[in-house]
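J.: Have a look at this one.
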Amino acid sequence: MAHYRHRAFNTRDTYPEQSLDNDLAYAVVSRGRTIHMRGHCPQDLETSVTIDSADPVAQTHKVMQNMRAIIEECGGRMEHLVKLVVYITDARYREPVYRTMGEYIKGVHPVCTGLVVSGLATPEWLVEIDGTAVIPDDDG
Amino acid sequence: MAHYRHRAFNTRDTYPEQSLDNDLAYAVVSRGRTIHMRGHCPQDLETSVTIDSADPVAQTHKVMQNMRAIIEECGGRMEHLVKLVVYITDARYREPVYRTMGEYIKGVHPVCTGLVVSGLATPEWLVEIDGTAVIPDDDG
Amino acid sequence: MAHYRHRAFNTRDTYPEQSLDNDLAYAVVSRGRTIHMRGHCPQDLETSVTIDSADPVAQTHKVMQNMRAIIEECGGRMEHLVKLVVYITDARYREPVYRTMGEYIKGVHPVCTGLVVSGLATPEWLVEIDGTAVIPDDDG
């Protein structure tokens, strides 16, 4: 079974202001079970436009809504989430980002690694969250 | 088979000085085989108290002891370790951290990516190490 | 089946200028299918010598050539790539790095997370790319 490449795109469309040409995807489902996902960003999934807010709470809501949408589009559910890596660009965003993220993973208990990094793909993004989900064997 | 969530916790308990509410876990074992782990930290596993040392050697010992404990609690062994990502907050910690980590992975040969980042979850932590282990198919 | 540890090495050989002793590998193939890889670096695979160029394009070519070589040595192909994490040390390297990387993943569409970090293993490296490949079930 070939891997399922979900929402395949090229970076010339998602980063029109940058001069790029990368064939990427929002998710790759390998062996029908593991949902590998790109770092989720505060962008509209359809238009790739960054949301009009520099508030880490608003950005995190969009990030987690995108993650949930992608997992569900790939046939999974948030409760299948196994791992998160949270990247923020300033340590002071930690509390608003984590508090907001917490609303989306109530009762799920993924593992999580949290890092402060020097930058993300664009200066406007304050947070990016990488996620991996695995659909359990007995799950339809 | 549902994923096994090992040492599920809420961040209000592990980071009492921060105002957080995230349902997380120390490890998630998916499909009975892959042990996804949170970034291991220089914290006591039972109390979540950071060790009383700003020495990168001491912190790395605690980090690797925690990793080993979690893998064993999940039914694996250090030799099942497949991947490490080492995060340090200053490039000068690289040698003490790697030298110490090396003692715990003698003969194991995981893959490893090493990064200097701007910060971890608390200013006291100098090192965090993310690990993934996979229990081989023929292993009891 | 035990994990296959590909190109096992010790850091005393790959970083002779640093005082390290870590048993690592270029790739670990777990359960015969998932190729976990170390962050790929602008180093010669045989000699571990960093290429003689501070050009992010040249460094990225070497990084991606190493990734492709390792995947193929492990029995896979670039089209089995599922995930990339791109680490650069300056946001201004993003376009040259991504443009170059794009040449190697034409038509593949892995997921990708891109980060600016404070540093990599040596000051000379401007880019490191972490990759994971999964050999599909029906693939010889």
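Lettering and numbering for the structure tokens are positional, with chains as A, B, ... in the shown order, residues counted from 1 in each chain, and ligands counted from 1 in the shown order.
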Hey, list the chain A side of the contact with chain C: 8 Å cut-off, only C-alpha atoms, answer as a PyMOL selection string.

T.: chain A and resi 1-3+5+8-9+18-28+30-31+36-39+117-121+130

J.: Would you give me, as a tab-separated table (two decimals) with all heavy atoms, in the first residue's frame, the residues in chain A that DSSP reads as helix (DSSP H, G or I)?

T.:
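Resulting contents of states.tsv:
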chain	number	residue	atom	x	y	z
A	11	THR	N	5.13	24.74	-2.05
A	11	THR	CA	5.38	25.95	-1.25
A	11	THR	C	5.28	27.23	-2.06
A	11	THR	O	5.18	28.31	-1.48
A	11	THR	CB	6.76	25.89	-0.57
A	11	THR	OG1	7.73	25.50	-1.55
A	11	THR	CG2	6.76	24.90	0.57
A	12	ARG	N	5.29	27.14	-3.38
A	12	ARG	CA	5.10	28.37	-4.14
A	12	ARG	C	3.69	28.92	-3.92
A	12	ARG	O	3.48	30.13	-4.03
A	12	ARG	CB	5.39	28.14	-5.64
A	12	ARG	CG	4.26	27.61	-6.46
A	12	ARG	CD	4.57	27.59	-7.94
A	12	ARG	NE	5.49	26.52	-8.28
A	12	ARG	CZ	5.13	25.25	-8.50
A	12	ARG	NH1	3.85	24.88	-8.43
A	12	ARG	NH2	6.03	24.33	-8.81
A	13	ASP	N	2.75	28.05	-3.54
A	13	ASP	CA	1.39	28.49	-3.28
A	13	ASP	C	1.18	28.90	-1.82
A	13	ASP	O	0.44	29.82	-1.52
A	13	ASP	CB	0.40	27.37	-3.63
A	13	ASP	CG	0.56	26.95	-5.08
A	13	ASP	OD1	0.66	27.84	-5.95
A	13	ASP	OD2	0.62	25.74	-5.36
A	14	THR	N	1.85	28.21	-0.89
A	14	THR	CA	1.61	28.51	0.52
A	14	THR	C	2.46	29.66	1.03
A	14	THR	O	2.13	30.28	2.02
A	14	THR	CB	1.88	27.27	1.40
A	14	THR	OG1	3.13	26.69	1.02
A	14	THR	CG2	0.77	26.25	1.25
A	56	PRO	N	-0.93	35.24	20.74
A	56	PRO	CA	-0.58	33.82	20.79
A	56	PRO	C	-1.78	32.91	21.08
A	56	PRO	O	-1.79	31.75	20.64
A	56	PRO	CB	0.48	33.73	21.89
A	56	PRO	CG	0.39	35.00	22.65
A	56	PRO	CD	-0.16	36.03	21.72
A	57	VAL	N	-2.77	33.42	21.78
A	57	VAL	CA	-3.97	32.61	22.03
A	57	VAL	C	-4.71	32.37	20.73
A	57	VAL	O	-5.07	31.23	20.39
A	57	VAL	CB	-4.88	33.30	23.07
A	57	VAL	CG1	-6.23	32.59	23.16
A	57	VAL	CG2	-4.20	33.31	24.44
A	58	ALA	N	-4.94	33.43	19.96
A	58	ALA	CA	-5.65	33.28	18.69
A	58	ALA	C	-4.86	32.39	17.73
A	58	ALA	O	-5.43	31.53	17.05
A	58	ALA	CB	-5.88	34.65	18.05
A	59	GLN	N	-3.56	32.56	17.69
A	59	GLN	CA	-2.74	31.73	16.79
A	59	GLN	C	-2.81	30.26	17.21
A	59	GLN	O	-2.88	29.36	16.37
A	59	GLN	CB	-1.29	32.24	16.77
A	59	GLN	CG	-1.16	33.61	16.09
A	59	GLN	CD	0.22	33.87	15.53
A	59	GLN	OE1	1.11	33.02	15.58
A	59	GLN	NE2	0.41	35.06	14.96
A	60	THR	N	-2.79	30.01	18.51
A	60	THR	CA	-2.82	28.62	18.97
A	60	THR	C	-4.17	27.96	18.68
A	60	THR	O	-4.24	26.78	18.33
A	60	THR	CB	-2.49	28.54	20.47
A	60	THR	OG1	-1.24	29.19	20.68
A	60	THR	CG2	-2.38	27.10	20.94
A	61	HIS	N	-5.24	28.73	18.84
A	61	HIS	CA	-6.55	28.17	18.47
A	61	HIS	C	-6.52	27.72	17.01
A	61	HIS	O	-6.95	26.60	16.68
A	61	HIS	CB	-7.66	29.22	18.67
A	61	HIS	CG	-8.19	29.27	20.07
A	61	HIS	ND1	-8.76	28.19	20.70
A	61	HIS	CD2	-8.23	30.28	20.98
A	61	HIS	CE1	-9.15	28.52	21.93
A	61	HIS	NE2	-8.83	29.79	22.13
A	62	LYS	N	-6.00	28.56	16.13
A	62	LYS	CA	-5.99	28.21	14.70
A	62	LYS	C	-5.11	26.98	14.46
A	62	LYS	O	-5.46	26.07	13.71
A	62	LYS	CB	-5.48	29.40	13.87
A	62	LYS	CG	-5.58	29.19	12.37
A	62	LYS	CD	-7.02	29.03	11.93
A	62	LYS	CE	-7.16	28.84	10.43
A	62	LYS	NZ	-8.51	28.37	10.08
A	63	VAL	N	-3.95	26.96	15.11
A	63	VAL	CA	-3.03	25.82	14.97
A	63	VAL	C	-3.72	24.52	15.39
A	63	VAL	O	-3.66	23.51	14.67
A	63	VAL	CB	-1.77	26.07	15.84
A	63	VAL	CG1	-1.01	24.79	16.10
A	63	VAL	CG2	-0.87	27.12	15.18
A	64	MET	N	-4.36	24.54	16.52
A	64	MET	CA	-4.98	23.30	17.03
A	64	MET	C	-6.23	22.94	16.23
A	64	MET	O	-6.52	21.75	16.04
A	64	MET	CB	-5.30	23.44	18.52
A	64	MET	CG	-4.07	23.56	19.41
A	64	MET	SD	-2.85	22.20	19.24
A	64	MET	CE	-3.81	20.79	19.84
A	65	GLN	N	-6.95	23.93	15.74
A	65	GLN	CA	-8.11	23.63	14.88
A	65	GLN	C	-7.63	22.98	13.58
A	65	GLN	O	-8.25	22.05	13.07
A	65	GLN	CB	-8.90	24.91	14.61
A	65	GLN	CG	-9.69	25.38	15.84
A	65	GLN	CD	-10.11	26.84	15.76
A	65	GLN	OE1	-9.92	27.50	14.73
A	65	GLN	NE2	-10.67	27.36	16.84
A	66	ASN	N	-6.51	23.47	13.06
A	66	ASN	CA	-5.96	22.86	11.84
A	66	ASN	C	-5.52	21.42	12.11
A	66	ASN	O	-5.77	20.52	11.31
A	66	ASN	CB	-4.76	23.68	11.35
A	66	ASN	CG	-5.18	24.99	10.70
A	66	ASN	OD1	-6.36	25.24	10.49
A	66	ASN	ND2	-4.21	25.83	10.38
A	67	MET	N	-4.84	21.22	13.24
A	67	MET	CA	-4.40	19.87	13.57
A	67	MET	C	-5.59	18.91	13.65
A	67	MET	O	-5.59	17.83	13.07
A	67	MET	CB	-3.64	19.86	14.90
A	67	MET	CG	-3.08	18.49	15.26
A	67	MET	SD	-2.31	18.43	16.91
A	67	MET	CE	-0.97	19.60	16.72
A	68	ARG	N	-6.62	19.36	14.36
A	68	ARG	CA	-7.80	18.51	14.51
A	68	ARG	C	-8.45	18.23	13.16
A	68	ARG	O	-8.84	17.09	12.86
A	68	ARG	CB	-8.80	19.20	15.45
A	68	ARG	CG	-10.02	18.36	15.76
A	68	ARG	CD	-10.87	19.01	16.84
A	68	ARG	NE	-11.31	20.34	16.40
A	68	ARG	CZ	-11.85	21.26	17.22
A	68	ARG	NH1	-12.01	21.00	18.51
A	68	ARG	NH2	-12.23	22.43	16.74
A	69	ALA	N	-8.53	19.25	12.32
A	69	ALA	CA	-9.13	19.07	10.99
A	69	ALA	C	-8.33	18.06	10.17
A	69	ALA	O	-8.91	17.16	9.54
A	69	ALA	CB	-9.20	20.41	10.25
A	70	ILE	N	-7.02	18.19	10.20
A	70	ILE	CA	-6.19	17.29	9.39
A	70	ILE	C	-6.29	15.85	9.90
A	70	ILE	O	-6.41	14.91	9.11
A	70	ILE	CB	-4.72	17.78	9.41
A	70	ILE	CG1	-4.61	19.12	8.68
A	70	ILE	CG2	-3.79	16.74	8.79
A	70	ILE	CD1	-4.93	19.10	7.21
A	71	ILE	N	-6.25	15.67	11.20
A	71	ILE	CA	-6.37	14.32	11.75
A	71	ILE	C	-7.71	13.70	11.34
A	71	ILE	O	-7.77	12.55	10.90
A	71	ILE	CB	-6.24	14.34	13.29
A	71	ILE	CG1	-4.79	14.65	13.69
A	71	ILE	CG2	-6.68	13.01	13.89
A	71	ILE	CD1	-4.58	14.79	15.20
A	72	GLU	N	-8.77	14.50	11.44
A	72	GLU	CA	-10.09	13.96	11.10
A	72	GLU	C	-10.20	13.70	9.60
A	72	GLU	O	-10.78	12.69	9.17
A	72	GLU	CB	-11.19	14.91	11.60
A	72	GLU	CG	-11.22	14.92	13.13
A	72	GLU	CD	-12.25	15.88	13.73
A	72	GLU	OE1	-12.88	16.64	12.95
A	72	GLU	OE2	-12.42	15.86	14.97
A	73	GLU	N	-9.63	14.58	8.79
A	73	GLU	CA	-9.66	14.35	7.34
A	73	GLU	C	-8.91	13.08	6.97
A	73	GLU	O	-9.20	12.45	5.95
A	73	GLU	CB	-9.02	15.54	6.62
A	73	GLU	CG	-9.87	16.81	6.63
A	73	GLU	CD	-9.15	18.01	6.02
A	73	GLU	OE1	-8.07	17.82	5.43
A	73	GLU	OE2	-9.68	19.12	6.12
A	78	MET	N	-8.82	13.20	17.51
A	78	MET	CA	-7.82	13.82	18.39
A	78	MET	C	-7.32	12.83	19.44
A	78	MET	O	-6.18	12.90	19.87
A	78	MET	CB	-8.40	15.06	19.08
A	78	MET	CG	-8.41	16.29	18.20
A	78	MET	SD	-6.76	16.86	17.67
A	78	MET	CE	-6.34	17.99	19.00
A	79	GLU	N	-8.16	11.91	19.86
A	79	GLU	CA	-7.73	10.96	20.89
A	79	GLU	C	-6.67	9.98	20.37
A	79	GLU	O	-6.12	9.20	21.14
A	79	GLU	CB	-8.94	10.20	21.44
A	79	GLU	CG	-9.57	9.28	20.44
A	79	GLU	CD	-11.01	8.94	20.77
A	79	GLU	OE1	-11.88	9.83	20.62
A	79	GLU	OE2	-11.27	7.79	21.17
A	80	HIS	N	-6.39	10.03	19.07
A	80	HIS	CA	-5.34	9.18	18.51
A	80	HIS	C	-3.97	9.88	18.51
A	80	HIS	O	-2.98	9.31	18.08
A	80	HIS	CB	-5.70	8.77	17.07
A	80	HIS	CG	-6.96	7.98	16.99
A	80	HIS	ND1	-7.74	7.94	15.87
A	80	HIS	CD2	-7.59	7.20	17.90
A	80	HIS	CE1	-8.80	7.17	16.09
A	80	HIS	NE2	-8.72	6.70	17.31
A	91	ALA	N	9.74	32.89	25.07
A	91	ALA	CA	9.36	32.09	26.25
A	91	ALA	C	8.08	32.62	26.90
A	91	ALA	O	7.35	31.87	27.55
A	91	ALA	CB	10.51	32.09	27.26
A	92	ARG	N	7.81	33.90	26.72
A	92	ARG	CA	6.62	34.46	27.36
A	92	ARG	C	5.32	34.00	26.72
A	92	ARG	O	4.24	34.21	27.26
A	92	ARG	CB	6.72	35.99	27.35
A	92	ARG	CG	7.80	36.47	28.30
A	92	ARG	CD	8.14	37.92	28.04
A	92	ARG	NE	8.85	38.09	26.78
A	92	ARG	CZ	9.40	39.22	26.37
A	92	ARG	NH1	9.34	40.29	27.13
A	92	ARG	NH2	10.03	39.29	25.22
A	93	TYR	N	5.41	33.36	25.56
A	93	TYR	CA	4.19	32.82	24.94
A	93	TYR	C	3.80	31.47	25.53
A	93	TYR	O	2.75	30.92	25.19
A	93	TYR	CB	4.37	32.67	23.43
A	93	TYR	CG	4.65	33.96	22.71
A	93	TYR	CD1	5.47	33.97	21.58
A	93	TYR	CD2	4.09	35.16	23.13
A	93	TYR	CE1	5.73	35.16	20.90
A	93	TYR	CE2	4.36	36.34	22.45
A	93	TYR	CZ	5.18	36.34	21.35
A	93	TYR	OH	5.44	37.49	20.67
A	94	ARG	N	4.66	30.92	26.36
A	94	ARG	CA	4.42	29.55	26.82
A	94	ARG	C	3.06	29.38	27.50
A	94	ARG	O	2.30	28.48	27.15
A	94	ARG	CB	5.55	29.11	27.77
A	94	ARG	CG	5.38	27.69	28.24
A	94	ARG	CD	6.62	27.21	29.01
A	94	ARG	NE	6.31	26.05	29.81
A	94	ARG	CZ	6.34	24.81	29.36
A	94	ARG	NH1	6.68	24.57	28.11
A	94	ARG	NH2	6.02	23.81	30.14
A	95	GLU	N	2.75	30.26	28.44
A	95	GLU	CA	1.48	30.07	29.15
A	95	GLU	C	0.26	30.25	28.25
A	95	GLU	O	-0.60	29.38	28.22
A	95	GLU	CB	1.44	30.94	30.41
A	95	GLU	CG	2.37	30.36	31.48
A	95	GLU	CD	2.15	30.93	32.88
A	95	GLU	OE1	1.04	31.40	33.19
A	95	GLU	OE2	3.10	30.90	33.67
A	96	PRO	N	0.15	31.35	27.49
A	96	PRO	CA	-1.04	31.44	26.63
A	96	PRO	C	-1.13	30.30	25.61
A	96	PRO	O	-2.22	29.80	25.33
A	96	PRO	CB	-0.89	32.81	25.95
A	96	PRO	CG	0.53	33.24	26.19
A	96	PRO	CD	0.97	32.57	27.44
A	97	VAL	N	0.00	29.88	25.06
A	97	VAL	CA	-0.03	28.80	24.07
A	97	VAL	C	-0.46	27.48	24.73
A	97	VAL	O	-1.35	26.79	24.23
A	97	VAL	CB	1.35	28.65	23.39
A	97	VAL	CG1	1.44	27.32	22.65
A	97	VAL	CG2	1.60	29.82	22.44
A	98	TYR	N	0.15	27.16	25.85
A	98	TYR	CA	-0.17	25.87	26.48
A	98	TYR	C	-1.59	25.85	27.03
A	98	TYR	O	-2.27	24.83	26.98
A	98	TYR	CB	0.85	25.56	27.58
A	98	TYR	CG	2.05	24.79	27.07
A	98	TYR	CD1	2.92	25.37	26.15
A	98	TYR	CD2	2.31	23.49	27.46
A	98	TYR	CE1	4.01	24.69	25.66
A	98	TYR	CE2	3.41	22.79	26.98
A	98	TYR	CZ	4.25	23.39	26.09
A	98	TYR	OH	5.34	22.69	25.60
A	99	ARG	N	-2.01	26.97	27.58
A	99	ARG	CA	-3.38	27.00	28.11
A	99	ARG	C	-4.39	26.75	26.98
A	99	ARG	O	-5.37	26.02	27.16
A	99	ARG	CB	-3.67	28.35	28.76
A	99	ARG	CG	-2.95	28.53	30.10
A	99	ARG	CD	-3.22	29.91	30.71
A	99	ARG	NE	-4.62	30.07	31.07
A	99	ARG	CZ	-5.14	29.59	32.19
A	99	ARG	NH1	-4.38	28.94	33.06
A	99	ARG	NH2	-6.41	29.76	32.45
A	100	THR	N	-4.13	27.35	25.84
A	100	THR	CA	-5.05	27.19	24.71
A	100	THR	C	-4.96	25.77	24.15
A	100	THR	O	-5.98	25.12	23.89
A	100	THR	CB	-4.71	28.23	23.62
A	100	THR	OG1	-4.67	29.52	24.22
A	100	THR	CG2	-5.72	28.18	22.49
A	101	MET	N	-3.75	25.30	23.97
A	101	MET	CA	-3.56	23.93	23.48
A	101	MET	C	-4.26	22.93	24.38
A	101	MET	O	-4.86	21.95	23.92
A	101	MET	CB	-2.06	23.64	23.41
A	101	MET	CG	-1.72	22.26	22.88
A	101	MET	SD	0.08	22.02	22.79
A	101	MET	CE	0.50	21.74	24.53
A	102	GLY	N	-4.20	23.20	25.68
A	102	GLY	CA	-4.78	22.28	26.65
A	102	GLY	C	-6.27	22.02	26.42
A	102	GLY	O	-6.77	20.93	26.70
A	103	GLU	N	-6.96	23.02	25.89
A	103	GLU	CA	-8.40	22.85	25.65
A	103	GLU	C	-8.68	21.78	24.60
A	103	GLU	O	-9.75	21.17	24.59
A	103	GLU	CB	-9.01	24.18	25.18
A	103	GLU	CG	-8.83	25.31	26.17
A	103	GLU	CD	-9.31	26.65	25.61
A	103	GLU	OE1	-10.16	26.65	24.69
A	103	GLU	OE2	-8.83	27.70	26.09
A	104	TYR	N	-7.71	21.58	23.69
A	104	TYR	CA	-7.94	20.66	22.57
A	104	TYR	C	-7.49	19.23	22.87
A	104	TYR	O	-7.79	18.33	22.10
A	104	TYR	CB	-7.21	21.17	21.32
A	104	TYR	CG	-7.78	22.46	20.80
A	104	TYR	CD1	-7.43	23.69	21.34
A	104	TYR	CD2	-8.73	22.44	19.77
A	104	TYR	CE1	-7.99	24.87	20.88
A	104	TYR	CE2	-9.28	23.61	19.30
A	104	TYR	CZ	-8.91	24.83	19.86
A	104	TYR	OH	-9.47	25.99	19.39

J.: Would you return as a ChimeraX atom specification the members of segment 25-132 of chain C that DSSP assigns to strand (DSSP E) on this structure's backbone?

T.: /C:27-30,34-37,81-88,111-116,127-132

J.: Kindly export the residues of the current selection with N, CA, C and O atoms, as an mmCIF file, in the first residue's frame.

T.:
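Output saved as result_14.cif:
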data_model
loop_
_atom_site.group_PDB
_atom_site.id
_atom_site.type_symbol
_atom_site.label_atom_id
_atom_site.label_comp_id
_atom_site.auth_asym_id
_atom_site.auth_seq_id
_atom_site.Cartn_x
_atom_site.Cartn_y
_atom_site.Cartn_z
ATOM 1 N N ALA C 27 21.331 5.526 10.561
ATOM 2 C CA ALA C 27 19.923 5.178 10.434
ATOM 3 C C ALA C 27 19.655 3.953 11.283
ATOM 4 O O ALA C 27 20.552 3.129 11.524
ATOM 5 N N VAL C 28 18.424 3.858 11.757
ATOM 6 C CA VAL C 28 17.984 2.645 12.442
ATOM 7 C C VAL C 28 16.691 2.230 11.753
ATOM 8 O O VAL C 28 15.763 3.033 11.632
ATOM 9 N N VAL C 29 16.659 0.989 11.273
ATOM 10 C CA VAL C 29 15.473 0.499 10.583
ATOM 11 C C VAL C 29 14.726 -0.405 11.552
ATOM 12 O O VAL C 29 15.195 -1.474 11.915
ATOM 13 N N SER C 30 13.569 0.093 12.023
ATOM 14 C CA SER C 30 12.815 -0.672 13.010
ATOM 15 C C SER C 30 11.730 -1.488 12.331
ATOM 16 O O SER C 30 11.069 -1.016 11.413
ATOM 17 N N THR C 34 10.461 1.140 9.047
ATOM 18 C CA THR C 34 10.651 2.572 9.290
ATOM 19 C C THR C 34 12.134 2.892 9.363
ATOM 20 O O THR C 34 12.865 2.281 10.135
ATOM 21 N N ILE C 35 12.567 3.838 8.525
ATOM 22 C CA ILE C 35 13.963 4.254 8.512
ATOM 23 C C ILE C 35 14.075 5.561 9.294
ATOM 24 O O ILE C 35 13.749 6.633 8.800
ATOM 25 N N HIS C 36 14.489 5.452 10.552
ATOM 26 C CA HIS C 36 14.772 6.621 11.385
ATOM 27 C C HIS C 36 16.177 7.080 11.018
ATOM 28 O O HIS C 36 17.098 6.269 10.963
ATOM 29 N N MET C 37 16.360 8.372 10.805
ATOM 30 C CA MET C 37 17.692 8.838 10.413
ATOM 31 C C MET C 37 18.180 9.948 11.313
ATOM 32 O O MET C 37 17.396 10.746 11.820
ATOM 33 N N LEU C 81 10.015 8.780 1.639
ATOM 34 C CA LEU C 81 10.184 9.816 2.661
ATOM 35 C C LEU C 81 8.816 10.262 3.162
ATOM 36 O O LEU C 81 7.931 10.568 2.371
ATOM 37 N N VAL C 82 8.614 10.302 4.466
ATOM 38 C CA VAL C 82 7.337 10.771 4.996
ATOM 39 C C VAL C 82 7.456 12.109 5.724
ATOM 40 O O VAL C 82 6.520 12.895 5.741
ATOM 41 N N LYS C 83 8.616 12.355 6.343
ATOM 42 C CA LYS C 83 8.696 13.569 7.177
ATOM 43 C C LYS C 83 10.081 14.192 7.144
ATOM 44 O O LYS C 83 11.088 13.479 7.178
ATOM 45 N N LEU C 84 10.105 15.512 7.103
ATOM 46 C CA LEU C 84 11.346 16.282 7.188
ATOM 47 C C LEU C 84 11.210 17.324 8.298
ATOM 48 O O LEU C 84 10.133 17.900 8.483
ATOM 49 N N VAL C 85 12.296 17.558 9.021
ATOM 50 C CA VAL C 85 12.372 18.734 9.889
ATOM 51 C C VAL C 85 13.653 19.458 9.483
ATOM 52 O O VAL C 85 14.742 18.881 9.520
ATOM 53 N N VAL C 86 13.483 20.695 9.041
ATOM 54 C CA VAL C 86 14.598 21.480 8.519
ATOM 55 C C VAL C 86 15.049 22.473 9.582
ATOM 56 O O VAL C 86 14.256 23.298 10.046
ATOM 57 N N TYR C 87 16.315 22.393 9.963
ATOM 58 C CA TYR C 87 16.887 23.320 10.941
ATOM 59 C C TYR C 87 17.889 24.216 10.234
ATOM 60 O O TYR C 87 18.840 23.705 9.624
ATOM 61 N N ILE C 88 17.679 25.530 10.304
ATOM 62 C CA ILE C 88 18.648 26.478 9.753
ATOM 63 C C ILE C 88 19.079 27.435 10.866
ATOM 64 O O ILE C 88 18.360 27.632 11.846
ATOM 65 N N VAL C 111 5.728 15.493 4.705
ATOM 66 C CA VAL C 111 5.398 16.609 5.582
ATOM 67 C C VAL C 111 6.704 17.269 5.996
ATOM 68 O O VAL C 111 7.764 16.643 5.960
ATOM 69 N N CYS C 112 6.627 18.524 6.373
ATOM 70 C CA CYS C 112 7.858 19.267 6.653
ATOM 71 C C CYS C 112 7.603 20.336 7.702
ATOM 72 O O CYS C 112 6.613 21.054 7.632
ATOM 73 N N THR C 113 8.503 20.427 8.660
ATOM 74 C CA THR C 113 8.485 21.479 9.674
ATOM 75 C C THR C 113 9.791 22.240 9.548
ATOM 76 O O THR C 113 10.860 21.625 9.482
ATOM 77 N N GLY C 114 9.722 23.565 9.482
ATOM 78 C CA GLY C 114 10.932 24.364 9.280
ATOM 79 C C GLY C 114 11.200 25.290 10.452
ATOM 80 O O GLY C 114 10.312 26.038 10.853
ATOM 81 N N LEU C 115 12.413 25.236 10.993
ATOM 82 C CA LEU C 115 12.745 25.987 12.197
ATOM 83 C C LEU C 115 14.063 26.739 12.049
ATOM 84 O O LEU C 115 14.989 26.249 11.399
ATOM 85 N N VAL C 116 14.143 27.886 12.688
ATOM 86 C CA VAL C 116 15.415 28.588 12.854
ATOM 87 C C VAL C 116 15.881 28.312 14.281
ATOM 88 O O VAL C 116 15.135 28.567 15.229
ATOM 89 N N VAL C 127 22.825 24.353 8.026
ATOM 90 C CA VAL C 127 21.580 23.623 7.822
ATOM 91 C C VAL C 127 21.761 22.160 8.226
ATOM 92 O O VAL C 127 22.832 21.579 8.030
ATOM 93 N N GLU C 128 20.716 21.623 8.808
ATOM 94 C CA GLU C 128 20.665 20.191 9.112
ATOM 95 C C GLU C 128 19.228 19.763 8.843
ATOM 96 O O GLU C 128 18.298 20.512 9.143
ATOM 97 N N ILE C 129 19.052 18.609 8.234
ATOM 98 C CA ILE C 129 17.694 18.169 7.886
ATOM 99 C C ILE C 129 17.475 16.759 8.397
ATOM 100 O O ILE C 129 18.206 15.829 8.072
ATOM 101 N N ASP C 130 16.469 16.637 9.234
ATOM 102 C CA ASP C 130 16.075 15.370 9.840
ATOM 103 C C ASP C 130 15.027 14.726 8.929
ATOM 104 O O ASP C 130 14.134 15.419 8.442
ATOM 105 N N GLY C 131 15.125 13.450 8.723
ATOM 106 C CA GLY C 131 14.167 12.798 7.843
ATOM 107 C C GLY C 131 13.738 11.440 8.367
ATOM 108 O O GLY C 131 14.492 10.771 9.073
ATOM 109 N N THR C 132 12.523 11.060 8.027
ATOM 110 C CA THR C 132 12.019 9.726 8.339
ATOM 111 C C THR C 132 11.387 9.154 7.075
ATOM 112 O O THR C 132 10.626 9.841 6.400
#

J.: Taking only C-alpha atoms into account, name the residue in B:Val49, B:Cys41, B:Arg77, B:Gly32 that is nearest to Tyr15 of chain B.

T.: B:Val49

J.: Which distance in Å separates atom CA of Thr122 of chain C and atom CA of Asn10 of chain C, to one decimal?

T.: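 Value for the atom CA of Thr122 of chain C-atom CA of Asn10 of chain C distance: 16.4 Å.
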
J.: If you measure from atom CA of Asp55 of chain A to atom CA of Glu17 of chain B, what distance in Å do you get, rounded to one decimal?

T.: 22.5 Å

J.: Take atom CA of Leu126 of chain C and atom CA of Pro42 of chain A and report the distance between them in Å, one decimal.

T.: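 So the two atoms, atom CA of Leu126 of chain C and atom CA of Pro42 of chain A, lie 26.4 Å apart.
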